[in-house]
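Q: After the structure tokens below, expect a handful of questions from me.
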Amino acid sequence: MSAMVAVIVVAPMLGAGFTLALRSRTLVRDLVTLGVLATVTALAAWLLVVVERDGTVVVRVGDWTPALGIVLVADLFAALVLLVALATVLVVEVYAIGQRRSAAGADPSVVSPVLLVLTAGVALALLTGDLFTLFVAFELILVSSYVLLTHRGGAAQIRSGMTYVVMNLLASTLFLLGIAFVYAATGTVNLALLAERIPELDPAVRAGIGSWFLVVFGTKAAIFPLFSWLPDSYPTAPTTITAVFAGLLTKIGVYTLIRFHTLTGMQDLGPLLLAVAAVTMVVGVAGALAQDDMKRILSFHIVSQIGYMVMGLGLFSVAGVAGAVVFLVHQIPVKTVLFLVGGLVEDETGTSALGRTSGLLTRRPLLAGFFALPALSLAGLPPFSGFVAKLALVDAGVAESATPIVVVSLAVSLLTLLSMVKIWMGVFWGPDEPGDPRPSPASRGGHRLMMSAAGVAVGATLAVALLAGPLWGMSERAARELLEPTAYIEAVSP
């Protein structure tokens with residue numbers, strides 16, 4: 001079982017080297033990439049089954065003690081998010097292969113290797129049990145994501161990519177300083193040991209550490225006011241890259257935010273987190289309503305929806321954190337498929353601007369359905385997964401008498417629905433005018449592959465709703481383990 005955890009991290013790195021060596025052989029490169037992603041996704045599924053049945057799996061690299069060595073920890077929270085994340089990358093890669101079959105969608109051969117490096121970074125971030133290895137994972141993600149953002153070399157992409165890199169390098173610098181500060185205060189960077197030692201620190205020192213890492217992880221998660229890099233960089237990237245970023249990168253920031261602040265007992269920051277969550281929701285949805293481009297609207301909604309996850313954390317209750325976990329699992333496929341649909345719209349019409357196309361409901365009814373289902377889920381309407389996740393958070397907020405944040409979350413849900421209707425009316429509704437520009441879409445086979453991948457992602461959003469009962473049970477257990485970390489500490493400690 002320990003080997004399985006290590007393989008999930010190592011296999012994408014080895015696959016990246018192999019595909020880079022074979023980058024000129026398109027078919028072999030794509031098969032190897034899909035093979036690696038399918039393998040680690042299957043291993044992640046089996047890992048979740050094992051963790052659910054037997055408890056936390058711990059790997060002590062080199063058999064060093066946790067105080068000195070690298071530790072990989074697969075608890076229920078990590079295993080659940082890991083499976084959803086890897087499955088998302090696999091689906092997006094299938095979509096990317098379909099897109100590359102057309103001349104217009106062809107990508108440089110470096111994309112698949114770099115995507116595998118990004119996958120390794122994501123897996124390491126989710127499984128690591130210490131802050132320094134988490135820093136390394138973030139750097140893997142940062143370097144590979146910058147290459148993916150700017151590999152086409154357009155001026156707009158490079159400019160927006162620089163904004164992305166500068167903000168994330170600032171966060172990385174603060175992260176490294178935070179690690180030094182934590183080590184000076186506690187003598188360790190291992191999360192299990194920090195869960196024991198940070199609560200024993202002076203309250204002012206503890207609050208300082210919590211606030212510092214709120215800025216670090218909040219920048220990665222794109223909370224207010226640290227989100228400015230996201231709406232500028234995501235809309236200019238290729239569709240497949242944006243879909244991976246939208247589904248995963250900010251969610252890794254939220255994951256680490258939840259992991260660190262629950263394990264180390266930062267309940268005193270609850271009111272601050274709730275205030276940040278409320279403003280993040282409002283600013284994100286307001287930005288979305290002000291846009292007239294589908295991809296920019298969806299980019300601002302990434303920010304808005306992050307606020308709901310921070311809300312669950314800020315409640316610091318089992319129900320609140322469990323609601324945040326459900327929301328996190330729901331958001332990954334929903335945001336991914338919405339950006340994949342945005343790419344299909346661009347292939348069909350040549351633009352994602354709302355005022356320059358209409359009538360896709362008549363021309364491409366299946367594509368309209370692929371948008372409508374996750375859009376309704378994003379808005380939180382029943383019976384979709386977004387309703388389940390938001391209901392859990394609202395119920396937790398009511399239980400904790402956090403009335404202001406509950407009211408804000410409900411109001412933002414209504415505004416989210418309004419922005420989804422705006423996209424629907426601008427892109428899918430209206431007459432299918434013969435004079436509309438219609439560039440040639442991807443080749444027939446490539447287009448079918450892209451639609452199939454988007455359909456699988458839509459099915460994943462529906463599966464989250466259908467499996468809401470078991471998902472809630474796992475999320476509740478994960479939340480309890482995070483807020484009461486005795487079992488985590490015992491599993492990691494020798």
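Going through the structure tokens in order, the chains are called A, B, and so on, while each chain numbers its residues from 1 and the ligands are numbered from 1 in the order shown.
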Name the residues of segment 290-430 of chain A that fall into helix (DSSP H, G or I) according to DSSP on the backbone, using the chain letters and numbers of this document, as an MDAnalysis selection string.

A: chainID A and resid 294:315 318:349 354:356 360:363 365:379 385:399 403:428

Q: May I have the residues within 10 Å of Val58 of chain A as a ChimeraX atom specification, using only C-alpha atoms and disregarding those fewer than 5 positions away in the same chain?

A: /A:1-2,5,71-75,127-129,488,491-493

Q: Val91 of chain A: which residues within 12 Å, counting only C-alpha atoms, same-chain residues fewer than 4 positions away excluded, as a PDB file with C-alpha atoms, in the first residue's frame?

A:
```pdb
ATOM      1  CA  THR A  33       0.200  10.253 -21.246  1.00  0.00           C
ATOM      2  CA  LEU A  34      -3.248   8.660 -21.130  1.00  0.00           C
ATOM      3  CA  LEU A  37      -3.037   9.307 -16.039  1.00  0.00           C
ATOM      4  CA  ALA A  38      -5.396   6.304 -16.191  1.00  0.00           C
ATOM      5  CA  THR A  41      -6.399   7.559 -11.337  1.00  0.00           C
ATOM      6  CA  VAL A  84     -11.356  13.717  -8.172  1.00  0.00           C
ATOM      7  CA  ALA A  85      -8.280  15.745  -9.180  1.00  0.00           C
ATOM      8  CA  LEU A  86      -6.576  12.951 -11.122  1.00  0.00           C
ATOM      9  CA  ALA A  87      -9.805  11.915 -12.844  1.00  0.00           C
ATOM     10  CA  TYR A  95     -10.393  16.543 -24.612  1.00  0.00           C
ATOM     11  CA  ALA A  96      -6.956  17.967 -25.461  1.00  0.00           C
ATOM     12  CA  ILE A  97      -6.118  15.043 -27.731  1.00  0.00           C
ATOM     13  CA  GLY A  98      -9.348  15.639 -29.624  1.00  0.00           C
ATOM     14  CA  THR A 240      -7.631  22.672 -21.999  1.00  0.00           C
ATOM     15  CA  ALA A 243     -10.061  23.871 -17.666  1.00  0.00           C
ATOM     16  CA  VAL A 244      -7.314  22.196 -15.618  1.00  0.00           C
ATOM     17  CA  GLY A 247     -10.826  22.823 -11.807  1.00  0.00           C
ATOM     18  CA  ILE A 332     -13.688  20.521  -9.492  1.00  0.00           C
ATOM     19  CA  PRO A 333     -15.781  18.783 -12.201  1.00  0.00           C
ATOM     20  CA  THR A 336     -13.787  22.002 -15.498  1.00  0.00           C
ATOM     21  CA  VAL A 337     -16.748  21.129 -17.704  1.00  0.00           C
ATOM     22  CA  LEU A 340     -14.530  22.750 -21.695  1.00  0.00           C
ATOM     23  CA  LEU A 449     -13.599  13.107 -28.716  1.00  0.00           C
ATOM     24  CA  MET A 450     -13.933  16.610 -27.276  1.00  0.00           C
ATOM     25  CA  MET A 451     -17.697  16.207 -26.869  1.00  0.00           C
ATOM     26  CA  SER A 452     -17.231  12.788 -25.272  1.00  0.00           C
ATOM     27  CA  ALA A 453     -14.775  14.179 -22.719  1.00  0.00           C
ATOM     28  CA  ALA A 454     -17.142  17.040 -21.908  1.00  0.00           C
ATOM     29  CA  GLY A 455     -19.991  14.537 -21.566  1.00  0.00           C
ATOM     30  CA  VAL A 456     -17.991  12.447 -19.100  1.00  0.00           C
ATOM     31  CA  ALA A 457     -17.280  15.576 -17.049  1.00  0.00           C
ATOM     32  CA  VAL A 458     -20.996  16.451 -17.048  1.00  0.00           C
ATOM     33  CA  GLY A 459     -21.712  12.896 -15.907  1.00  0.00           C
ATOM     34  CA  ALA A 460     -19.247  13.386 -13.040  1.00  0.00           C
TER      35      ALA A 460
END
```

Q: List the neighbours of segment 478-483 of chain A out to 7 Å using only C-alpha atoms; skip same-chain residues closer than 3 positions along the sequence, and give me the result as a list in words.

A: Leu76, Phe77, Thr262, Leu263, Val318, Val321, Ala322, Met474, Ser475 and Ala487 of chain A

Q: Quick one: write out the picked residues with N, CA and C atoms as a PDB file, in the first residue's frame?

A:
```
ATOM      1  N   LEU A  76      -8.497  10.393   4.670  1.00  0.00           N
ATOM      2  CA  LEU A  76      -9.718  10.384   3.872  1.00  0.00           C
ATOM      3  C   LEU A  76      -9.865  11.660   3.049  1.00  0.00           C
ATOM      4  N   PHE A  77      -9.526  12.798   3.626  1.00  0.00           N
ATOM      5  CA  PHE A  77      -9.615  14.074   2.920  1.00  0.00           C
ATOM      6  C   PHE A  77      -8.695  14.079   1.706  1.00  0.00           C
ATOM      7  N   THR A 262      -7.177  23.715  10.116  1.00  0.00           N
ATOM      8  CA  THR A 262      -7.908  22.804  11.007  1.00  0.00           C
ATOM      9  C   THR A 262      -6.956  21.991  11.866  1.00  0.00           C
ATOM     10  N   LEU A 263      -5.915  21.428  11.254  1.00  0.00           N
ATOM     11  CA  LEU A 263      -4.977  20.612  12.025  1.00  0.00           C
ATOM     12  C   LEU A 263      -4.297  21.403  13.132  1.00  0.00           C
ATOM     13  N   VAL A 318     -17.833  20.553  12.527  1.00  0.00           N
ATOM     14  CA  VAL A 318     -17.782  19.350  11.699  1.00  0.00           C
ATOM     15  C   VAL A 318     -18.666  19.527  10.468  1.00  0.00           C
ATOM     16  N   VAL A 321     -16.972  22.223   7.983  1.00  0.00           N
ATOM     17  CA  VAL A 321     -15.817  21.710   7.239  1.00  0.00           C
ATOM     18  C   VAL A 321     -16.256  20.605   6.289  1.00  0.00           C
ATOM     19  N   ALA A 322     -17.198  19.758   6.719  1.00  0.00           N
ATOM     20  CA  ALA A 322     -17.719  18.718   5.818  1.00  0.00           C
ATOM     21  C   ALA A 322     -18.391  19.354   4.605  1.00  0.00           C
ATOM     22  N   MET A 474     -18.446  10.409   3.936  1.00  0.00           N
ATOM     23  CA  MET A 474     -16.987  10.497   3.896  1.00  0.00           C
ATOM     24  C   MET A 474     -16.508  11.892   4.273  1.00  0.00           C
ATOM     25  N   SER A 475     -17.207  12.918   3.792  1.00  0.00           N
ATOM     26  CA  SER A 475     -16.802  14.290   4.090  1.00  0.00           C
ATOM     27  C   SER A 475     -16.935  14.586   5.577  1.00  0.00           C
ATOM     28  N   ALA A 487      -6.114  10.999  15.566  1.00  0.00           N
ATOM     29  CA  ALA A 487      -5.860   9.828  14.724  1.00  0.00           C
ATOM     30  C   ALA A 487      -4.782  10.134  13.684  1.00  0.00           C
TER      31      ALA A 487
END
```

Q: Fewer than 5 positions away in the same chain doesn't count, so skip those; otherwise give me all residues within 9 Å of Val345 of chain A, counting only C-alpha atoms, as a PDB file with N, CA and C atoms, in the first residue's frame.

A:
```pdb
ATOM      1  N   LEU A 340     -14.575  23.591 -20.502  1.00  0.00           N
ATOM      2  CA  LEU A 340     -14.530  22.750 -21.695  1.00  0.00           C
ATOM      3  C   LEU A 340     -15.645  23.133 -22.668  1.00  0.00           C
ATOM      4  N   GLY A 350     -15.947  30.806 -33.039  1.00  0.00           N
ATOM      5  CA  GLY A 350     -14.765  31.637 -33.186  1.00  0.00           C
ATOM      6  C   GLY A 350     -14.598  32.675 -32.110  1.00  0.00           C
ATOM      7  N   THR A 351     -15.493  32.711 -31.120  1.00  0.00           N
ATOM      8  CA  THR A 351     -15.412  33.709 -30.058  1.00  0.00           C
ATOM      9  C   THR A 351     -16.182  33.218 -28.840  1.00  0.00           C
ATOM     10  N   SER A 352     -15.842  33.793 -27.678  1.00  0.00           N
ATOM     11  CA  SER A 352     -16.630  33.539 -26.474  1.00  0.00           C
ATOM     12  C   SER A 352     -17.350  34.803 -26.007  1.00  0.00           C
ATOM     13  N   LEU A 360     -27.003  28.874 -30.489  1.00  0.00           N
ATOM     14  CA  LEU A 360     -26.346  27.562 -30.417  1.00  0.00           C
ATOM     15  C   LEU A 360     -27.292  26.477 -29.904  1.00  0.00           C
ATOM     16  N   LEU A 367     -24.600  20.466 -26.964  1.00  0.00           N
ATOM     17  CA  LEU A 367     -23.662  21.390 -26.334  1.00  0.00           C
ATOM     18  C   LEU A 367     -24.382  22.310 -25.351  1.00  0.00           C
ATOM     19  N   VAL A 427     -25.371  33.264 -25.674  1.00  0.00           N
ATOM     20  CA  VAL A 427     -24.691  32.270 -26.497  1.00  0.00           C
ATOM     21  C   VAL A 427     -25.648  31.249 -27.090  1.00  0.00           C
TER      22      VAL A 427
END
```

Q: Can you list, as a list in words, all residues belonging to segment 73-317 of chain A that DSSP tags as strand (DSSP E or B)?

A: Val73, Ala74, Thr128, Asp130, Asn190 and Asp293 of chain A

Q: Let me see the file: selected residues, N, CA and C atoms, as a PDB file, in the first residue's frame.

A:
```pdb
ATOM      1  N   VAL A  73       1.105  11.295   3.462  1.00  0.00           N
ATOM      2  CA  VAL A  73      -0.028  10.881   4.287  1.00  0.00           C
ATOM      3  C   VAL A  73      -1.298  10.891   3.443  1.00  0.00           C
ATOM      4  N   ALA A  74      -1.928   9.734   3.346  1.00  0.00           N
ATOM      5  CA  ALA A  74      -3.193   9.629   2.615  1.00  0.00           C
ATOM      6  C   ALA A  74      -4.298   9.358   3.622  1.00  0.00           C
ATOM      7  N   THR A 128       1.418  15.268   0.786  1.00  0.00           N
ATOM      8  CA  THR A 128       2.533  15.558   1.665  1.00  0.00           C
ATOM      9  C   THR A 128       2.093  15.790   3.107  1.00  0.00           C
ATOM     10  N   ASP A 130       4.294  17.476   5.312  1.00  0.00           N
ATOM     11  CA  ASP A 130       5.109  18.529   5.914  1.00  0.00           C
ATOM     12  C   ASP A 130       5.095  19.771   5.031  1.00  0.00           C
ATOM     13  N   ASN A 190       6.688  19.343  10.217  1.00  0.00           N
ATOM     14  CA  ASN A 190       5.779  18.223   9.995  1.00  0.00           C
ATOM     15  C   ASN A 190       4.385  18.583  10.498  1.00  0.00           C
ATOM     16  N   ASP A 293     -18.107  38.412 -21.662  1.00  0.00           N
ATOM     17  CA  ASP A 293     -17.397  37.318 -22.308  1.00  0.00           C
ATOM     18  C   ASP A 293     -17.569  36.065 -21.454  1.00  0.00           C
TER      19      ASP A 293
END
```

Q: Of the candidates A:Leu376, A:Ala278, A:Leu201, A:Ile423, which shows the shortest atom-to-atom distance to Val407 of chain A, using only C-alpha atoms?

A: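 Comparing A:Leu376, A:Ala278, A:Leu201, A:Ile423 against Val407 of chain A, the winner is A:Ala278.
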
Q: Which neighbours of Leu344 of chain A fall inside 9 Å, counting only C-alpha atoms, when residues of the same chain fewer than 2 positions from it are skipped, and could you give them as a list in words?

A: Thr239, Phe339, Leu340, Val341, Gly342, Glu346, Asp347, Glu348, Thr349, Leu367, Pro441, His447, Met450 and Met451 of chain A

Q: Export, as a compact mmCIF listing (two decimals), in the first residue's frame, the selected residues with C-alpha atoms.

A:
```txt
# COMPACT_ATOMS: atom_id res chain seq x y z
CA THR A 239 -9.14 25.89 -23.30
CA PHE A 339 -14.56 25.77 -19.38
CA LEU A 340 -14.53 22.75 -21.70
CA VAL A 341 -17.93 23.85 -22.99
CA GLY A 342 -16.52 27.36 -23.39
CA GLU A 346 -15.17 28.99 -29.36
CA ASP A 347 -14.55 26.15 -31.81
CA GLU A 348 -18.08 26.53 -33.13
CA THR A 349 -18.33 30.33 -33.28
CA LEU A 367 -23.66 21.39 -26.33
CA PRO A 441 -14.51 23.28 -36.02
CA HIS A 447 -14.78 16.98 -32.23
CA MET A 450 -13.93 16.61 -27.28
CA MET A 451 -17.70 16.21 -26.87
```

Q: Do you know which residues are at most 9 Å from Ala402 of chain A counting only C-alpha atoms, after dropping those on the same chain fewer than 6 positions away, and could you put them as a PDB file with N, CA and C atoms, in the first residue's frame?

A:
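Generated file (out05.pdb):
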```pdb
ATOM      1  N   LEU A 274     -14.698  34.125   7.906  1.00  0.00           N
ATOM      2  CA  LEU A 274     -16.078  34.338   7.447  1.00  0.00           C
ATOM      3  C   LEU A 274     -16.217  35.678   6.728  1.00  0.00           C
ATOM      4  N   LEU A 315     -16.441  28.398   9.760  1.00  0.00           N
ATOM      5  CA  LEU A 315     -17.372  27.961  10.802  1.00  0.00           C
ATOM      6  C   LEU A 315     -16.681  27.071  11.830  1.00  0.00           C
ATOM      7  N   ALA A 396     -25.055  24.297   8.043  1.00  0.00           N
ATOM      8  CA  ALA A 396     -23.995  24.448   9.034  1.00  0.00           C
ATOM      9  C   ALA A 396     -23.941  25.887   9.562  1.00  0.00           C
TER      10      ALA A 396
END
```

Q: Nearest residue to Phe384 of chain A out of A:Leu116, A:Ala463, A:Ile158, A:Leu191, using only C-alpha atoms?

A: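 Among the listed residues, the smallest separation from Phe384 of chain A belongs to A:Ala463.
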
Q: Smallest atom-to-atom distance to Tyr234 of chain A: which of A:Val406, A:Leu14, A:Val216, A:Leu298, using only C-alpha atoms?

A: A:Leu298
